[in-house]
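In what follows, a single structure is set out as structure tokens and then discussed.
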Amino acid sequence: MDASATNPDQAGRQQRRLRLILLFVLLPAVVGALAVGVAMGGQNTGIFEGEPPRWASNLGRVLMILGVVVEVAVIVWAVRTGRHRAARQSPLLTLSWSHRRRLARQVRGGTPDPDEDPTLLAETARQFAGQRWFVVLVAGLAITSAGQAFVGYAPFFVAIGVLLVVIWAVLVVSVIRNANRGEAFLRAYPDLSGR
């Protein structure tokens, strides 16, 4: 188990660091790109134009079809198994956003607050563990995004495709980490999950 799973302060610092990176790196990049676009005055720079080679066009189409097939298969599976409604009757739905975040922090950190409702903690951990199937759905989205980048083949579409694939990859890692932490929490506190 990594150190951030056992130390909620470190996990909080990592989240703050990610927010700062998004604020001071990604936001200025987007604003800078908009400023360059305005400064160019709508001139045709070729950023949206690109004629993909035959191999890239074919690969892009195959990836897009494969991604859509994966997404549809996962959605059909989720509906048939009832996974898409698994949390519909959850008591967590009636809680405030801040309370749910507090519960999630306790489960991720593996340190339940003695004053917290054990049923809510166990439900939060079960939901984390039960969301592992989202990984396949997100993988389908990433495959589709990569395919669109190959089909577009212009600098703009490649940049957007790469950005989307990175976002999907971060989401996959987050879902897997939360699922692992939820399972570890349920193993560490079986008395909470039995109530």
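Naming scheme: A, B, ... for chains in displayed order of the structure tokens; residues 1 onward per chain; ligands 1 onward as shown.
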Mind running range 123-194 of chain A against range 79-103 of chain A at 8 Å and telling me each contacting residue's nearest atom pair with the distance in Å (one decimal), counting only C-alpha atoms, chain and number ascending, as a Markdown table?
```
| residue | atom | partner | partner_atom | distance |
| --- | --- | --- | --- | --- |
| A:Glu123 | CA | A:Ser90 | CA | 7.6 |
| A:Thr124 | CA | A:Leu103 | CA | 6.8 |
| A:Gln127 | CA | A:Ala87 | CA | 7.3 |
```
Nearby residues (only C-alpha atoms) at most 8 Å from range 136-153 of chain A, same-chain spacing under 6 positions excluded, as a VMD selection string:
chain A and resid 49 to 52 56 to 71 74 to 75 159 to 162 164 to 165 168 to 169 171 to 172
Measure the distance from CA of Val158 in chain A to CA of Gln131 in chain A in Å and round it to one decimal.
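Atom-to-atom, CA of Val158 in chain A and CA of Gln131 in chain A are spaced 30.0 Å apart.
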Just checking: using only C-alpha atoms, which residue out of A:Gln106, A:Trp77, A:Arg132, A:Pro155 ends up closest to Leu120 in chain A?
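Closest to Leu120 in chain A, using only C-alpha atoms: A:Gln106.
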